[in-house]
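Only one structure is covered here, and it is reproduced in the block below.
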Amino acid sequence: MKRLFLLLKDLLIKNLLLIAAIIIITFLLFHTLPEDPARLILGLNVSEDAVKLFRQELGLDKPILTKFVDYIQDLFTLNLGTSYYTRSSVTSEILNAFYSTQLYAGIALVLSIIYSIFSVYLVYITGPFIQKLFNSVNGFLVSIPSLIITLFFGLLIYNLKVFNEINDITLQQIISASIALSIYPSCVLSQILIAEFELIKNKQFVIASKVHGFVGKDLFRIIFSNSFLPWISQLSNIAASLIAGSIIIEYIFSLPGLGRLIFQSIIKHDYPVIQGIVLFTSIGYIIFNLVIEMIYNQLLVSRRTQ
Amino acid sequence: MNKRTKSLILFSLIALCFIILWGYYIDINLDTTNIDLNNSLKSPSLENAAGTDELGRDIFLRVIEGSSLSLRISFLVWGISLIIGIILGTIAGLYSEKLIDTIISGMITYIYATPFIIFLIALLGIIGPGLENAYLTLLLFAWAAPARQTRVIVSNIKNAKFVTASKSFGFSPKEMINFVIIPQVFKPVLISSLAVLPEIIALDAGLSFFGLGVQPPAPSLGKMIADGVNYLSTAWWMSTIPILFLLSYCLCIRYIALKLTGVLYE
C-alpha cells in the first residue's frame, strides 16, 4: 500500500506539469481571441452600448491577469463558467454530455476486451489457421486510421440496419454506436494479446506446466495470466481513439454526447463550453492514463513477487 | 524486396500521383459545382459512374477532385512537418536535458498525452474554418512524430565515435549537423513518418467531415461523407464511395510504409 502511494505521488508530480500546461494553454487560447465574443453572439445590428453591457455581464472587459486569477479560482471549485447561451453551468452540461458518451464508449471498451479474450481463446483451442485468419483481419483493420475505420463501420451498420429488430430506438442506436466504435480497439487489443500469447506459449515455464499435467483451460489460464500486461498498457491508447471515434459516431447516429456538444458550441461561438470540454477531456484522459499506469505497475510488481 | 513488391509499390505511387494530377485537371477544366436539380440523387450508371448527389452533381468527378485536394494538403503538411520535426528534434536531441529540450519534448508530450483532436477542433472553431487554418492545425499535430523520433536518434548518436571523429576532423557544428547527423536521421525518420501520413489524411477528412476544412462548394472527401450521412437510407453511394476511396489511399500509403520499413531493417 505504501509503495502504491509513493508511485501515485511520483506519477502525480510528473503529470502535474502537464496539467498546468493544459490549463495555461487553454486559457491563452480562449482569452486572447482576435474576435470579440460579445459581438459574435449579439450580431452586427446591436448598438455599441448593448455590447458593452454584455461584455460587462460576461466579465470580458476585465484585464487579462484578473481573468486568469478568476479562472484558476473557478477551476479549484470545479466551476468551468456559465454558457453564453443557455446560462446554465458548463460543468453540469459537460457532465450530462459525458454521461452518454461514456455509456457507449464504455460498452465499446468492454466489447473489445471480450473480443480480444475470445479471439485468443479461439486461437488457443483451434490452431494456426485461425491464428492466421485473426492476424490478417486484425492487421488489415489496424493499418487504417481509427477515424476512418469508425466512420466506415458506423456507416455500414447504419446502412445495413443490423439492429432494426430491437424495438427500443435508443437502445438500438446505442448498441450500433458501441459496436461501430469497438471495431478498432478490438483489433488492436486482439492483435497484441495474440502476439504476446504466442510468445509466452513457447516459454520454458509453460512447457514445465505441461509436463506437470496442466492441459486445456488450466494451461490457458497460466499462459493468459502471463501475457496480458502489454494489453493493459494499450488500454490508454485505446481511450484516445475512443474519444476521437465517439465524436464521429455521435454525428452518424445522432446521439447526444461530448462531440455533439462541442460542435453545437463551435457553431454558436459558445467559448466557455468549448474551453470546458477541452479541459475536461485533456485532464480526464491524463487521469485515465494515470489509473492505467498504476494498475499496470501493481500487476507487474505482484507478478514479480510471485 | 522481391519484384512483385517493387511493382506494387510503384503501382501505388503512380496511382496516387495519377489521382492528384487527374483531380488537378478536373479542378481547372471542369465545373463540378454546377447544380442540376433535375439529376439529383441518381444511382450509379454509365453516365454518372458513382451517381449524383442531392444537388445533381456528379459524385465521381467530385471524389477525384476532392481526393486530389485532400492528398495535396496531406502531402504538403507531411513534407513541412517532416522538415519542422527534423529541425526541432535535432535541436532537442543535441541539447538534451537542457531547457530547450524540455520545452520541445514537453510540446510533444502535450500532443500525445491529451486527446489532441478535440484540441484541434476547438482551435479551428476559434480561428475559424478554412483551408489555411486546416493546414495550420494539421501541422500542429503532424510535426510531433518525426520530432520525437529524431530526438531519440540524435541523442543516441551524438556521443558515437563517428561524431567525435568528425569533430576531430575540424567540422564546425553546422557542418556536423548537416553532413554527419542529418544523413543518419533522415532515412529512418522519413520512412517511419510515412506511417503518419494516413493519420494526416484521416484527420483532414475528419476535420472536413465536420465542415471545418475546405469550405463548400469546393469538394472534399470528408464533407461529401457528412452530406451523404443525411441521405443514407435513400442514396447509399453518396457516402460509401468517398469513404472507399479514402480507405484505399490509406491502405496504399500504409503498404508502401510497411514494405519500406522492411527494407530499412533488412
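By order of appearance in the C-alpha cells: chains A, B, ..., then residues from 1 within every chain, and ligands from 1 in the order shown.
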Taking only C-alpha atoms into account, produce a table as a Markdown table in which each residue of range 40-142 of chain A with an atom at most 12 Å from an atom of range 246-266 of chain B appears once, together with its shortest atom pair and the distance in Å to one decimal, ordered by chain and rising number.
| residue | atom | partner | partner_atom | distance |
| --- | --- | --- | --- | --- |
| A:Gly139 | CA | B:Arg254 | CA | 11.2 |
| A:Phe140 | CA | B:Leu251 | CA | 8.6 |
| A:Leu141 | CA | B:Leu251 | CA | 9.7 |
| A:Val142 | CA | B:Arg254 | CA | 10.4 |
Preceding selection exported with C-alpha atoms as a PDB file, in the first residue's frame:
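Okay, this is what ended up in out-v4.pdb:
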ATOM      1  CA  GLY A 139      -3.589  -6.381 -39.170  1.00  0.00           C
ATOM      2  CA  PHE A 140      -5.666  -5.109 -42.045  1.00  0.00           C
ATOM      3  CA  LEU A 141      -8.046  -3.129 -39.852  1.00  0.00           C
ATOM      4  CA  VAL A 142      -5.340  -1.751 -37.584  1.00  0.00           C
TER       5      VAL A 142
END
| request: Output as an NGL selection string the set of chain B residues within 8 Å of chain A, with distances taken over only C-alpha atoms. | output: :B and (106 or 110 or 113-115 or 117-119 or 122-123 or 125-126 or 198-199 or 202-203 or 206 or 229 or 232-233 or 236 or 240 or 243 or 246-247 or 250-251 or 254)
| request: Can you check which residues of range 149-303 of chain A DSSP gives as helix (DSSP H, G or I) on the backbone and send them as number ranges by chain? | output: A: 149-160, 169-201, 204-211, 216-225, 229-252, 258-268, 271-303
| Could you pull the residues within 8 Å of range 74-79 of chain B, counting only C-alpha atoms, minus those fewer than 6 positions along the same chain, as a ChimeraX atom specification? | /B:135,138-139,142,197,200-201,204
Put those residues in a file: C-alpha atoms, as a compact mmCIF listing (two decimals), in the first residue's frame.
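Writing the result to out24.txt gives the following:
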# COMPACT_ATOMS: atom_id res chain seq x y z
CA TYR B 135 -3.22 23.37 -42.85
CA LEU B 138 -2.77 19.62 -39.24
CA LEU B 139 0.80 20.85 -38.99
CA ALA B 142 1.92 16.19 -37.57
CA LEU B 197 0.60 10.18 -43.47
CA ILE B 200 -2.96 13.15 -41.53
CA ILE B 201 -5.31 12.13 -44.34
CA ASP B 204 -8.03 16.11 -42.71
Name all residues at most 12 Å from Phe245 in chain B (count only C-alpha atoms; drop same-chain ones fewer than 3 positions away) and give them as a compact mmCIF listing (two decimals) with N, CA and C atoms, in the first residue's frame.
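Produced file part30.txt, reproduced below:
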# COMPACT_ATOMS: atom_id res chain seq x y z
N ILE A 148 -11.15 6.68 -39.72
CA ILE A 148 -11.77 6.19 -40.95
C ILE A 148 -12.47 4.86 -40.69
N PHE A 152 -16.32 4.25 -41.32
CA PHE A 152 -16.74 3.22 -42.28
C PHE A 152 -17.73 2.25 -41.65
N ALA B 15 -0.50 5.39 -58.90
CA ALA B 15 -1.94 5.61 -58.73
C ALA B 15 -2.20 6.89 -57.95
N LEU B 16 -1.44 7.09 -56.86
CA LEU B 16 -1.64 8.30 -56.05
C LEU B 16 -1.35 9.55 -56.88
N ILE B 19 -4.10 10.17 -59.38
CA ILE B 19 -5.29 10.76 -58.78
C ILE B 19 -5.08 12.25 -58.55
N ALA B 50 -20.52 7.17 -60.37
CA ALA B 50 -20.80 6.96 -58.95
C ALA B 50 -22.07 7.66 -58.53
N ILE B 59 -20.82 12.58 -58.58
CA ILE B 59 -20.02 12.28 -57.40
C ILE B 59 -18.63 11.82 -57.76
N PHE B 60 -18.51 11.07 -58.85
CA PHE B 60 -17.19 10.52 -59.18
C PHE B 60 -16.17 11.63 -59.42
N ARG B 62 -16.35 14.65 -58.40
CA ARG B 62 -16.12 15.39 -57.15
C ARG B 62 -15.20 14.61 -56.22
N VAL B 63 -15.35 13.28 -56.23
CA VAL B 63 -14.48 12.47 -55.37
C VAL B 63 -13.04 12.61 -55.82
N ILE B 64 -12.82 12.53 -57.15
CA ILE B 64 -11.44 12.64 -57.64
C ILE B 64 -10.87 14.02 -57.32
N GLU B 65 -11.68 15.05 -57.54
CA GLU B 65 -11.19 16.40 -57.27
C GLU B 65 -10.92 16.58 -55.78
N GLY B 66 -11.86 16.10 -54.97
CA GLY B 66 -11.69 16.21 -53.53
C GLY B 66 -10.51 15.43 -53.03
N SER B 67 -10.31 14.22 -53.58
CA SER B 67 -9.16 13.43 -53.11
C SER B 67 -7.86 14.09 -53.52
N SER B 68 -7.87 14.68 -54.71
CA SER B 68 -6.65 15.36 -55.14
C SER B 68 -6.30 16.47 -54.16
N SER B 70 -7.32 16.76 -51.04
CA SER B 70 -7.01 16.19 -49.74
C SER B 70 -5.60 15.61 -49.72
N LEU B 71 -5.24 14.90 -50.82
CA LEU B 71 -3.90 14.31 -50.88
C LEU B 71 -2.84 15.39 -50.97
N ILE B 201 -4.19 12.19 -43.41
CA ILE B 201 -5.31 12.13 -44.34
C ILE B 201 -6.62 11.96 -43.57
N ALA B 202 -6.59 11.06 -42.57
CA ALA B 202 -7.80 10.80 -41.79
C ALA B 202 -8.22 12.03 -41.01
N ALA B 205 -9.71 14.50 -43.35
CA ALA B 205 -11.08 14.10 -43.69
C ALA B 205 -12.01 14.33 -42.51
N SER B 220 -14.70 18.12 -50.88
CA SER B 220 -13.69 17.46 -50.05
C SER B 220 -14.32 16.18 -49.55
N LEU B 221 -13.47 15.15 -49.41
CA LEU B 221 -14.00 13.82 -49.13
C LEU B 221 -14.81 13.79 -47.84
N GLY B 222 -14.26 14.42 -46.79
CA GLY B 222 -14.95 14.39 -45.50
C GLY B 222 -16.31 15.02 -45.57
N MET B 224 -18.17 15.38 -48.20
CA MET B 224 -19.08 14.57 -49.01
C MET B 224 -19.66 13.42 -48.19
N ILE B 225 -18.81 12.81 -47.34
CA ILE B 225 -19.31 11.72 -46.49
C ILE B 225 -20.36 12.27 -45.52
N TRP B 237 -24.74 5.52 -52.13
CA TRP B 237 -23.48 5.79 -52.83
C TRP B 237 -22.87 7.12 -52.43
N SER B 239 -22.22 8.51 -49.57
CA SER B 239 -21.17 8.49 -48.54
C SER B 239 -20.24 7.30 -48.72
N THR B 240 -20.73 6.21 -49.32
CA THR B 240 -19.91 5.00 -49.38
C THR B 240 -18.74 5.14 -50.34
N ILE B 241 -18.98 5.78 -51.50
CA ILE B 241 -17.91 5.85 -52.49
C ILE B 241 -16.74 6.73 -52.02
N PRO B 242 -17.01 7.92 -51.45
CA PRO B 242 -15.87 8.68 -50.93
C PRO B 242 -15.08 7.92 -49.86
N SER B 248 -8.79 3.33 -49.59
CA SER B 248 -7.76 2.81 -50.48
C SER B 248 -6.50 3.67 -50.42
N TYR B 249 -6.65 5.00 -50.24
CA TYR B 249 -5.44 5.83 -50.13
C TYR B 249 -4.64 5.42 -48.90
N CYS B 250 -5.38 5.26 -47.78
CA CYS B 250 -4.68 4.90 -46.54
C CYS B 250 -3.96 3.57 -46.70
N LEU B 251 -4.64 2.60 -47.34
CA LEU B 251 -4.03 1.28 -47.49
C LEU B 251 -2.81 1.36 -48.38
N CYS B 252 -2.90 2.14 -49.48
CA CYS B 252 -1.76 2.31 -50.39
C CYS B 252 -0.55 2.81 -49.62
